[in-house]
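Q: You'll find upload02.cif just under this line, and it carries mmCIF, C-alpha atoms.
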```cif
data_entry
#
loop_
_atom_site.label_atom_id
_atom_site.label_comp_id
_atom_site.auth_asym_id
_atom_site.auth_seq_id
_atom_site.Cartn_x
_atom_site.Cartn_y
_atom_site.Cartn_z
CA MET V 1 0.00 0.00 0.00
CA SER V 2 1.31 3.46 -0.85
CA THR V 3 2.37 5.79 1.91
CA ILE V 4 1.12 9.37 2.01
CA ALA V 5 4.51 10.60 0.78
CA GLU V 6 4.33 8.24 -2.18
CA LYS V 7 0.81 9.34 -3.13
CA VAL V 8 1.82 12.99 -3.03
CA PHE V 9 5.01 12.28 -4.92
CA ASN V 10 3.15 10.32 -7.62
CA PHE V 11 0.75 13.23 -8.02
CA ILE V 12 3.64 15.63 -8.58
CA LEU V 13 5.17 13.33 -11.20
CA ASP V 14 1.88 12.66 -12.95
CA ASP V 15 1.68 15.43 -15.54
CA LYS V 16 4.27 14.38 -18.11
CA LEU V 17 2.96 16.77 -20.78
CA GLU V 18 3.56 19.75 -18.53
CA GLN V 19 7.04 18.49 -17.66
CA GLN V 20 7.87 18.16 -21.35
CA ALA V 21 6.58 21.67 -22.00
CA ILE V 22 8.72 23.11 -19.18
CA LEU V 23 11.79 21.39 -20.57
CA LYS V 24 11.04 22.68 -24.08
CA ASP V 25 10.88 26.25 -22.75
CA LEU V 26 14.40 26.09 -21.34
CA PRO V 27 17.36 27.44 -23.32
CA LYS V 28 19.09 24.56 -25.08
CA ASP V 29 22.29 24.62 -23.00
CA LYS V 30 20.26 24.58 -19.80
CA ARG V 31 18.03 21.80 -21.12
CA ASP V 32 21.07 19.75 -22.07
CA ALA V 33 22.49 20.31 -18.60
CA VAL V 34 19.39 19.20 -16.70
CA VAL V 35 18.25 16.25 -18.82
CA GLY V 36 19.53 13.10 -17.16
CA ARG V 37 19.81 14.77 -13.76
CA LYS V 38 18.82 12.55 -10.86
CA GLY V 39 17.48 13.37 -7.42
CA ARG V 40 16.24 11.53 -4.38
CA LEU V 41 13.54 12.47 -1.89
CA ILE V 42 13.75 10.80 1.50
CA VAL V 43 10.86 11.23 3.90
CA ASN V 44 11.55 9.54 7.21
CA GLY V 45 8.67 8.07 9.22
CA PRO V 46 5.73 5.70 8.73
CA ASP V 47 4.08 8.05 6.20
CA GLY V 48 7.35 8.51 4.30
CA GLY V 49 9.48 6.70 1.78
CA SER V 50 12.49 7.07 -0.46
CA PHE V 51 12.07 7.99 -4.12
CA ILE V 52 14.61 8.44 -6.88
CA VAL V 53 13.75 10.33 -10.04
CA ARG V 54 15.45 11.14 -13.30
CA LEU V 55 14.64 14.02 -15.60
CA THR V 56 14.28 12.85 -19.21
CA PRO V 57 13.05 14.60 -22.37
CA ALA V 58 9.74 12.77 -21.85
CA GLY V 59 9.33 14.03 -18.28
CA ILE V 60 10.31 12.98 -14.77
CA PHE V 61 10.39 9.26 -14.08
CA LYS V 62 11.01 7.14 -11.02
CA GLU V 63 13.92 4.78 -10.95
CA THR V 64 15.86 2.70 -8.46
CA ASP V 65 19.51 3.16 -9.44
CA THR V 66 21.29 5.25 -6.81
CA LYS V 67 24.29 6.11 -9.00
CA ASP V 68 24.98 9.81 -9.81
CA ILE V 69 22.28 11.33 -7.65
CA ARG V 70 22.87 15.08 -7.76
CA ASN V 71 20.43 16.30 -5.11
CA GLU V 72 18.92 14.65 -2.08
CA ILE V 73 16.00 16.17 -0.22
CA LEU V 74 15.61 14.91 3.32
CA MET V 75 12.75 15.54 5.74
CA THR V 76 10.56 13.73 8.27
CA ASP V 77 6.94 12.87 7.67
CA ASN V 78 6.03 15.39 10.38
CA THR V 79 7.58 18.12 8.22
CA LEU V 80 5.76 16.71 5.19
CA LEU V 81 2.49 16.96 7.16
CA GLU V 82 3.20 20.61 8.03
CA ILE V 83 3.94 21.37 4.37
CA LEU V 84 0.75 19.63 3.28
CA VAL V 85 -1.20 21.70 5.83
CA TRP V 86 0.36 24.81 4.27
CA LEU V 87 -0.56 23.61 0.77
CA ALA V 88 -4.10 22.68 1.87
CA HIS V 89 -4.88 26.23 3.09
CA LEU V 90 -6.74 24.91 6.13
CA PRO V 91 -8.46 27.64 8.14
CA GLY V 92 -6.53 28.58 11.27
CA GLU V 93 -3.63 26.27 10.45
CA PRO V 94 -0.73 27.97 8.73
CA GLY V 95 1.50 24.91 8.37
CA ILE V 96 4.92 25.68 6.98
CA SER V 97 6.11 26.54 3.50
CA PRO V 98 8.91 24.40 2.05
CA ARG V 99 11.19 27.45 1.94
CA ALA V 100 10.59 28.19 5.61
CA ALA V 101 11.09 24.51 6.47
CA TYR V 102 14.38 24.60 4.59
CA VAL V 103 15.57 27.73 6.36
CA ASN V 104 14.50 26.30 9.72
CA GLY V 105 16.56 23.20 9.01
CA ASP V 106 13.54 20.87 8.78
CA ILE V 107 14.37 20.12 5.14
CA ARG V 108 17.91 19.39 4.05
CA ILE V 109 18.98 19.55 0.46
CA SER V 110 22.32 18.17 -0.62
CA GLY V 111 23.96 19.21 -3.85
CA ASP V 112 26.70 21.26 -5.44
CA SER V 113 25.15 24.51 -4.24
CA VAL V 114 23.33 25.20 -0.97
CA LEU V 115 21.47 28.17 -2.38
CA TYR V 116 21.08 27.67 -6.09
CA ASP V 117 20.05 24.01 -6.08
CA ALA V 118 17.46 24.70 -3.39
CA GLU V 119 16.18 27.69 -5.34
CA GLU V 120 15.87 25.63 -8.52
CA ILE V 121 13.81 23.01 -6.69
CA PHE V 122 11.57 25.47 -4.83
CA ASN V 123 11.07 27.58 -7.92
CA ALA V 124 10.00 24.58 -9.99
CA MET V 125 7.60 23.39 -7.29
CA GLU V 126 6.11 26.85 -6.77
CA LYS V 127 5.65 27.44 -10.49
CA HIS V 128 4.40 24.06 -11.56
CA ALA V 129 3.10 22.01 -8.65
CA PHE V 130 1.95 23.87 -5.55
CA ALA V 131 -0.97 25.72 -7.12
CA LYS V 132 -2.74 22.50 -8.07
CA MET V 133 -1.91 20.55 -4.93
CA GLY V 134 -4.64 21.93 -2.64
CA PRO V 135 -7.12 19.03 -3.01
CA ILE V 136 -4.55 16.23 -2.69
CA ALA V 137 -2.90 18.04 0.22
CA ARG V 138 -6.25 18.26 2.06
CA ALA V 139 -6.92 14.57 1.47
CA ALA V 140 -3.39 13.65 2.57
CA VAL V 141 -3.62 15.71 5.76
CA GLU V 142 -6.92 14.04 6.64
CA GLU V 143 -5.48 10.59 6.00
CA MET V 144 -2.27 11.27 7.95
CA ARG V 145 -4.19 12.60 10.93
CA LYS V 146 -6.56 9.63 10.92
CA GLY V 147 -3.60 7.29 11.12
CA ARG V 148 -2.06 9.07 14.14
CA MET X 1 36.75 45.69 -8.10
CA ASN X 2 37.89 46.69 -4.61
CA ARG X 3 36.26 44.58 -1.94
CA ILE X 4 35.80 46.23 1.46
CA ILE X 5 34.60 44.27 4.49
CA ILE X 6 32.72 46.24 7.12
CA SER X 7 33.74 44.55 10.36
CA SER X 8 33.17 44.54 14.06
CA LEU X 9 33.04 41.49 16.25
CA LYS X 10 30.58 43.44 18.40
CA GLY X 11 26.90 43.54 17.46
CA GLY X 12 24.89 46.73 17.17
CA THR X 13 27.76 48.99 16.17
CA GLY X 14 26.07 50.08 12.96
CA LYS X 15 27.81 47.92 10.36
CA THR X 16 24.80 47.79 8.07
CA SER X 17 24.05 51.52 8.19
CA THR X 18 27.77 52.14 7.60
CA THR X 19 27.68 49.78 4.60
CA VAL X 20 24.78 51.71 3.08
CA ASN X 21 26.06 55.20 3.96
CA LEU X 22 29.58 54.48 2.73
CA GLY X 23 28.16 52.91 -0.43
CA ARG X 24 26.01 55.96 -1.10
CA ALA X 25 28.93 58.32 -0.44
CA LEU X 26 31.19 56.43 -2.85
CA HIS X 27 28.37 56.48 -5.40
CA ARG X 28 27.98 60.25 -4.94
CA ALA X 29 31.72 60.51 -5.57
CA GLY X 30 31.17 58.87 -8.96
CA TYR X 31 32.09 55.27 -8.22
CA ARG X 32 30.15 52.17 -9.17
CA VAL X 33 29.25 50.42 -5.93
CA GLY X 34 27.78 47.07 -4.92
CA LEU X 35 26.59 46.12 -1.45
CA LEU X 36 26.58 42.51 -0.34
CA ASP X 37 24.94 41.25 2.82
CA VAL X 38 27.00 38.26 3.92
CA ASP X 39 25.08 37.89 7.16
CA ILE X 40 23.26 34.69 6.27
CA VAL X 41 21.52 34.23 9.64
CA ALA X 42 20.24 37.76 10.21
CA PRO X 43 20.40 39.79 7.01
CA THR X 44 19.35 43.43 7.40
CA LEU X 45 20.79 45.23 4.39
CA HIS X 46 17.40 45.35 2.65
CA LYS X 47 15.89 47.16 5.66
CA ALA X 48 18.66 49.76 5.63
CA LEU X 49 18.07 50.26 1.90
CA GLY X 50 14.33 50.45 2.45
CA VAL X 51 13.48 47.67 0.02
CA ALA X 52 12.02 44.19 0.11
CA GLU X 53 13.73 42.94 -3.00
CA ALA X 54 14.23 39.23 -3.46
CA PRO X 55 17.46 38.26 -5.12
CA LEU X 56 16.97 37.21 -8.71
CA TRP X 57 18.23 33.83 -9.75
CA ASP X 58 19.51 33.26 -13.22
CA LEU X 59 17.81 29.87 -13.26
CA ASP X 60 17.88 29.50 -17.03
CA SER X 61 21.64 29.75 -17.06
CA VAL X 62 23.85 26.69 -16.84
CA LYS X 63 26.37 28.57 -14.75
CA ALA X 64 24.53 29.32 -11.54
CA LYS X 65 24.52 33.00 -10.65
CA LEU X 66 22.60 35.29 -8.35
CA LEU X 67 21.60 38.65 -9.78
CA PRO X 68 21.78 41.78 -7.62
CA PHE X 69 19.00 44.35 -7.60
CA GLU X 70 19.48 48.08 -8.13
CA VAL X 71 18.46 50.76 -5.64
CA ASP X 72 19.19 54.44 -6.28
CA GLY X 73 22.19 53.65 -8.43
CA LEU X 74 23.62 51.07 -6.02
CA TYR X 75 23.66 47.36 -6.71
CA ALA X 76 22.81 45.18 -3.74
CA LEU X 77 22.23 41.61 -2.77
CA THR X 78 20.78 40.11 0.37
CA LEU X 79 19.26 36.72 0.93
CA ALA X 80 16.68 38.08 3.36
CA SER X 81 13.63 38.02 1.17
CA HIS X 82 14.67 34.73 -0.35
CA TYR X 83 13.97 33.19 3.03
CA GLY X 84 10.59 34.82 3.58
CA GLU X 85 9.67 37.14 6.40
CA ASN X 86 12.45 37.02 9.02
CA PRO X 87 12.58 33.29 9.72
CA ALA X 88 15.09 31.74 12.09
CA VAL X 89 17.89 30.36 9.93
CA LEU X 90 18.80 27.15 11.72
CA TRP X 91 21.39 25.72 9.39
CA ASP X 92 24.45 24.00 10.75
CA GLU X 93 27.67 25.98 10.51
CA ALA X 94 29.00 24.04 7.50
CA THR X 95 25.85 24.89 5.53
CA LEU X 96 26.03 28.54 6.58
CA ILE X 97 29.64 28.72 5.44
CA ARG X 98 28.82 27.12 2.09
CA ALA X 99 25.96 29.57 1.57
CA MET X 100 28.26 32.50 2.41
CA GLN X 101 30.93 31.24 0.01
CA GLU X 102 28.32 30.99 -2.74
CA VAL X 103 27.09 34.51 -2.06
CA VAL X 104 30.65 35.83 -2.20
CA ARG X 105 31.49 33.85 -5.34
CA ASP X 106 28.35 33.40 -7.41
CA VAL X 107 26.84 36.84 -7.92
CA LYS X 108 26.77 38.32 -11.40
CA TRP X 109 27.78 41.88 -10.49
CA PRO X 110 27.91 44.56 -13.16
CA PRO X 111 31.32 46.26 -13.47
CA LEU X 112 32.00 47.79 -10.03
CA ASP X 113 34.69 49.95 -8.47
CA TYR X 114 33.82 48.95 -4.91
CA LEU X 115 31.96 46.01 -3.43
CA ILE X 116 31.15 46.55 0.25
CA LEU X 117 30.49 43.43 2.30
CA ASP X 118 28.30 43.79 5.38
CA SER X 119 29.55 41.10 7.76
CA PRO X 120 27.94 39.55 10.82
CA PRO X 121 29.28 40.22 14.33
CA SER X 122 31.26 37.21 15.43
CA SER X 123 34.65 35.56 15.43
CA SER X 124 33.08 32.20 14.67
CA LYS X 125 34.26 29.74 12.06
CA PHE X 126 31.83 31.51 9.75
CA MET X 127 33.72 34.80 9.99
CA GLN X 128 37.04 33.05 9.63
CA ALA X 129 35.73 31.39 6.49
CA LEU X 130 34.51 34.76 5.19
CA TYR X 131 37.93 36.32 5.61
CA ASP X 132 39.49 33.27 3.98
CA ALA X 133 37.01 33.47 1.09
CA VAL X 134 38.02 37.04 0.24
CA ALA X 135 41.65 37.00 1.46
CA ASP X 136 43.18 36.90 -2.00
CA ASP X 137 41.07 39.70 -3.34
CA VAL X 138 40.25 42.29 -0.71
CA TYR X 139 40.99 46.01 -0.57
CA GLY X 140 40.68 45.98 3.19
CA THR X 141 38.42 46.04 6.18
CA VAL X 142 36.71 49.06 7.68
CA LEU X 143 36.15 48.73 11.42
CA VAL X 144 33.01 50.19 12.97
CA PHE X 145 32.89 50.85 16.69
CA GLN X 146 31.13 53.07 19.14
CA PRO X 147 33.73 54.91 21.24
CA SER X 148 32.46 53.63 24.58
CA ASP X 149 34.63 51.80 27.06
CA ILE X 150 32.48 48.67 26.91
CA ALA X 151 33.20 48.40 23.18
CA VAL X 152 36.97 48.60 23.60
CA ALA X 153 37.43 44.96 24.61
CA ASP X 154 35.68 43.95 21.40
CA LEU X 155 37.86 46.33 19.43
CA VAL X 156 40.95 44.60 20.83
CA ARG X 157 39.50 41.20 19.93
CA THR X 158 38.57 42.40 16.45
CA LEU X 159 42.05 43.76 15.80
CA ASP X 160 43.65 40.55 17.03
CA PHE X 161 41.35 38.56 14.75
CA ILE X 162 42.17 40.76 11.76
CA LYS X 163 45.90 40.54 12.48
CA ILE X 164 45.71 36.73 12.55
CA LYS X 165 43.72 36.63 9.30
CA ARG X 166 46.14 39.14 7.71
CA VAL X 167 43.39 41.22 6.15
CA PRO X 168 44.52 44.82 5.43
CA VAL X 169 42.87 47.51 7.55
CA VAL X 170 41.52 50.58 5.77
CA GLY X 171 40.66 52.34 9.03
CA LEU X 172 38.16 52.78 11.79
CA ILE X 173 34.86 54.62 11.89
CA ALA X 174 33.69 55.85 15.27
CA ASN X 175 29.97 55.35 14.89
CA MET X 176 27.38 56.87 17.24
CA SER X 177 30.36 58.89 18.37
CA TYR X 178 28.28 61.65 19.96
CA CYS X 179 24.74 63.01 19.88
CA LEU X 180 23.95 66.09 17.89
CA SER X 181 21.02 68.15 19.15
CA PRO X 182 18.84 70.07 16.68
CA SER X 183 20.63 73.27 17.80
CA GLY X 184 24.00 71.74 16.89
CA GLU X 185 25.14 70.91 20.44
CA LYS X 186 27.34 67.81 20.76
CA PHE X 187 26.87 65.61 23.81
CA TRP X 188 27.52 62.06 25.05
CA PRO X 189 24.30 60.61 26.47
CA PHE X 190 25.50 57.10 27.30
CA ILE X 191 26.18 55.67 30.76
CA SER X 192 29.33 53.94 29.58
CA PRO X 193 32.22 56.48 29.49
CA LYS X 194 33.53 57.65 26.15
CA VAL X 195 36.99 56.70 24.98
CA GLU X 196 38.96 58.68 22.43
CA LEU X 197 39.21 56.41 19.41
CA GLY X 198 41.21 59.15 17.62
CA ALA X 199 43.98 58.86 20.20
CA ILE X 200 43.81 55.08 20.11
CA CYS X 201 44.13 55.04 16.31
CA GLY X 202 46.73 57.82 16.20
CA GLU X 203 49.49 56.01 18.04
CA SER X 204 49.12 52.76 16.17
CA GLY X 205 48.92 54.14 12.67
CA ILE X 206 45.37 52.99 11.98
CA ALA X 207 43.41 55.70 10.23
CA LEU X 208 40.41 57.17 12.00
CA LEU X 209 38.15 57.53 8.99
CA GLY X 210 35.51 59.60 10.69
CA GLU X 211 33.23 60.19 13.65
CA VAL X 212 29.57 59.74 12.84
CA PRO X 213 27.06 61.34 15.19
CA LEU X 214 23.72 60.05 16.34
CA THR X 215 21.37 62.43 14.60
CA PRO X 216 18.08 62.28 12.75
CA SER X 217 19.64 64.45 10.04
CA GLN X 218 20.59 62.31 7.06
CA GLU X 219 22.20 65.42 5.60
CA VAL X 220 24.72 65.57 8.47
CA ILE X 221 25.42 61.85 8.11
CA ASN X 222 25.89 62.21 4.35
CA LEU X 223 28.41 65.02 4.83
CA GLU X 224 30.40 62.91 7.30
CA PHE X 225 30.33 59.90 5.00
CA ASP X 226 31.42 62.00 2.02
CA LYS X 227 34.58 62.79 4.02
CA ILE X 228 34.91 59.16 5.08
CA ALA X 229 34.61 57.99 1.47
CA GLU X 230 37.45 60.34 0.46
CA ARG X 231 39.63 58.89 3.19
CA VAL X 232 38.72 55.31 2.26
CA ILE X 233 39.90 56.03 -1.29
CA ASP X 234 43.07 57.83 -0.18
CA VAL X 235 44.22 55.62 2.69
CA LYS X 236 46.69 52.87 1.95
CA PRO X 237 45.28 49.80 3.72
CA LEU X 238 47.81 48.18 6.02
CA ILE X 239 48.40 44.75 7.46
CA LEU X 240 48.51 44.97 11.24
CA LYS X 241 51.83 44.20 12.90
CA ASP X 242 52.53 43.23 16.49
CA SER X 243 54.39 46.50 17.11
CA MET X 244 51.39 48.54 15.97
CA LEU X 245 49.04 46.55 18.11
CA ALA X 246 51.34 46.87 21.11
CA LYS X 247 51.16 50.67 20.82
CA LEU X 248 47.46 50.49 20.29
CA TYR X 249 46.86 48.25 23.30
CA LYS X 250 48.97 50.59 25.44
CA ARG X 251 46.80 53.52 24.38
CA ILE X 252 43.64 51.49 24.92
CA ALA X 253 44.84 50.66 28.44
CA LYS X 254 45.39 54.37 29.12
CA GLU X 255 41.98 55.26 27.75
CA THR X 256 40.35 52.50 29.77
CA VAL X 257 41.95 53.81 32.97
CA LYS X 258 40.77 57.32 32.07
CA SER X 259 37.23 56.10 31.50
CA ALA X 260 37.34 54.10 34.75
CA VAL X 261 38.34 57.26 36.62
CA ARG X 262 35.50 59.15 34.94
CA ARG X 263 33.14 56.40 35.96
CA LEU X 264 34.23 56.83 39.62
#
```
Could you express the structure from this file as structure tokens?

A:
Amino acid sequence: MSTIAEKVFNFILDDKLEQQAILKDLPKDKRDAVVGRKGRLIVNGPDGGSFIVRLTPAGIFKETDTKDIRNEILMTDNTLLEILVWLAHLPGEPGISPRAAYVNGDIRISGDSVLYDAEEIFNAMEKHAFAKMGPIARAAVEEMRKGR
Amino acid sequence: MNRIIISSLKGGTGKTSTTVNLGRALHRAGYRVGLLDVDIVAPTLHKALGVAEAPLWDLDSVKAKLLPFEVDGLYALTLASHYGENPAVLWDEATLIRAMQEVVRDVKWPPLDYLILDSPPSSSKFMQALYDAVADDVYGTVLVFQPSDIAVADLVRTLDFIKIKRVPVVGLIANMSYCLSPSGEKFWPFISPKVELGAICGESGIALLGEVPLTPSQEVINLEFDKIAERVIDVKPLILKDSMLAKLYKRIAKETVKSAVRRL
């Protein structure tokens, strides 16, 4: 059975057409530099999981090979819950934005650059994922809280 | 590009306002100036500039670069608004140092004559790493201190730190050096006795770049910083030597005794 983290992650990866369009919009040298790039998300806790992805011309796909991972994002499922609360826009519950969680040290991002790599990731999520994540975030928050 | 570090191991001495005022004065003198907030934990440069600008990120470029914003002819960069509204930055020291190194290295500045770095108040590994990051390419450091006897111990520590790191000293600014009333009267309103930073600098060979009053008049401050900017350009930055510091410490000891007597 999928964990909450996996369901959310699958939702983010779902729209391959949009991912292709984003890649097409990039300048060629940048596109060449990012295609093939691999990253791993690790969410610790019972609602978490570990997921490796690779960026290809056809979109972002999951894989299992751990070789040449450029960025790792590490957080607990408690932090994931707080971020989902933030994404869900629940009345009276601010949650925490991913940027704030990063600055507070609740999210760690490994990579060549502390600032730039994090900015690339947050920028992509803010532009292309967060706006449509309200409904799934609300469902995920409800499910996580039921299980606790 | 001449890189100047505004330094004081003591907090609250006015490093950020000095960064902005010196930057504006150099700009008024016709120089191209950039301001860089290297305080990763508590950046305040944007407040002193009166802006809430986020840094721009050249995300479409393969070679990662931050882009400064422009305010009144000055170029500036601070990470503050990148973080959001004043969050606690709880990174471990290694991450803070890496972020600082990136900010020092990876900004796409336009052609500049001076880049002024606003540094945080500490002698931590972070500050040591900052000095190391710019050591090969720095015009010098400008020290900012209030001339009160409680600040002198920190001045001694700062000078020792700078001597060890072998960063050239441009000079010292006595900030909040006196109060200036609307009628032009100068007075010292603080409980802690005043020490004469001019005398302290004089014997050791460190330039006293200026004495900046506490005043609501930006015009007065601008005039003082115009003079300071001239001195910053003219002074030959020097590497501190033990003999200079010995003279300086002797003078500081004298001044401290004087201020202790005044306190009695």

Q: Please check the contacts: residues of chain X at most 10 Å away from chain V, using all atoms listed in the file, listed as a PyMOL selection string.

A: chain X and resi 41+57-66+79+82-92+95-103+106

Q: Residues within 10 Å of V:Phe11, please, as an NGL selection string. Count all atoms listed in the file; anything in the same chain fewer than 2 positions from it doesn't count.

A: :V and (5-9 or 13-15 or 129 or 132-133 or 136)

Q: Compile the contact shell of stretch 163-177 of chain X as a ChimeraX atom specification: residues with an atom at most 6 Å away, counting only C-alpha atoms, same-chain residues fewer than 6 positions apart removed.

A: /X:140-147,206-214,237-240

Q: In Å to one decimal, how far is atom CA of X:Ala229 from atom CA of X:Ala151?

A: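 Value for the atom CA of X:Ala151-atom CA of X:Ala229 distance: 23.8 Å.
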
Q: List the residues matched by the PyMOL selection byres ((chain V and resi 18) around 12) in the displayed structure as a short mmCIF file (atom, residue, chain, number, x, y, z; two decimals) with C-alpha atoms, in the frame of the given file, ordered by chain and then by residue number.

A:
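File expr30.cif, as written:
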```cif
data_model
loop_
_atom_site.label_atom_id
_atom_site.label_comp_id
_atom_site.auth_asym_id
_atom_site.auth_seq_id
_atom_site.Cartn_x
_atom_site.Cartn_y
_atom_site.Cartn_z
CA ILE V 12 3.64 15.63 -8.58
CA LEU V 13 5.17 13.33 -11.20
CA ASP V 14 1.88 12.66 -12.95
CA ASP V 15 1.68 15.43 -15.54
CA LYS V 16 4.27 14.38 -18.11
CA LEU V 17 2.96 16.77 -20.78
CA GLN V 19 7.04 18.49 -17.66
CA GLN V 20 7.87 18.16 -21.35
CA ALA V 21 6.58 21.67 -22.00
CA ILE V 22 8.72 23.11 -19.18
CA LEU V 23 11.79 21.39 -20.57
CA LYS V 24 11.04 22.68 -24.08
CA ASP V 25 10.88 26.25 -22.75
CA PRO V 57 13.05 14.60 -22.37
CA ALA V 58 9.74 12.77 -21.85
CA GLY V 59 9.33 14.03 -18.28
CA ILE V 60 10.31 12.98 -14.77
CA ALA V 124 10.00 24.58 -9.99
CA LYS V 127 5.65 27.44 -10.49
CA HIS V 128 4.40 24.06 -11.56
CA ALA V 129 3.10 22.01 -8.65
#
```

Q: Can you work out the spacing between atom CA of V:Glu142 and atom CA of V:Ile4 in Å, to one decimal?

A: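 Between atom CA of V:Glu142 and atom CA of V:Ile4 the gap is 10.4 Å.
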
Q: Suppose you want the space between atom CA of X:Val71 and atom CA of X:Leu49; what is it in Å?

A: 7.6 Å

Q: Name every residue that the PyMOL selection byres ((chain X and resi 222) around 10) selects in this structure, writing the answer as a list in words with chains first and numbers rising.

A: Asn21, Leu22, Arg24, Ala25, Arg28, Val212, Ser217, Gln218, Glu219, Val220, Ile221, Leu223, Glu224, Phe225, Asp226, Lys227 and Ile228 of chain X

Q: Could you state which residues are captured by the PyMOL selection byres ((chain V and resi 67) around 12) in this file, as number ranges by chain?

A: V: 36-40, 52-54, 63-66, 68-71

Q: Within 9 Å of (38.5, 59.7, 25.5) in the file's own coordinates, which protein, DNA or RNA residues have an atom, counting only C-alpha atoms? List them as a PyMOL selection string.

A: chain X and resi 147-149+193-200+255-256+258-259

Q: Please work out which residues fall within 6 Å of (26.1, 46.0, -0.2), coordinates as given in the file, with all atoms listed in the file counting, and return them as a PDB file with C-alpha atoms, keeping the file's coordinate frame.

A:
```pdb
ATOM      1  CA  GLY X  34      27.780  47.070  -4.920  1.00  0.00           C
ATOM      2  CA  LEU X  35      26.590  46.120  -1.450  1.00  0.00           C
ATOM      3  CA  LEU X  36      26.580  42.510  -0.340  1.00  0.00           C
ATOM      4  CA  ASP X  37      24.940  41.250   2.820  1.00  0.00           C
ATOM      5  CA  ALA X  76      22.810  45.180  -3.740  1.00  0.00           C
ATOM      6  CA  ILE X 116      31.150  46.550   0.250  1.00  0.00           C
ATOM      7  CA  LEU X 117      30.490  43.430   2.300  1.00  0.00           C
TER       8      LEU X 117
END
```
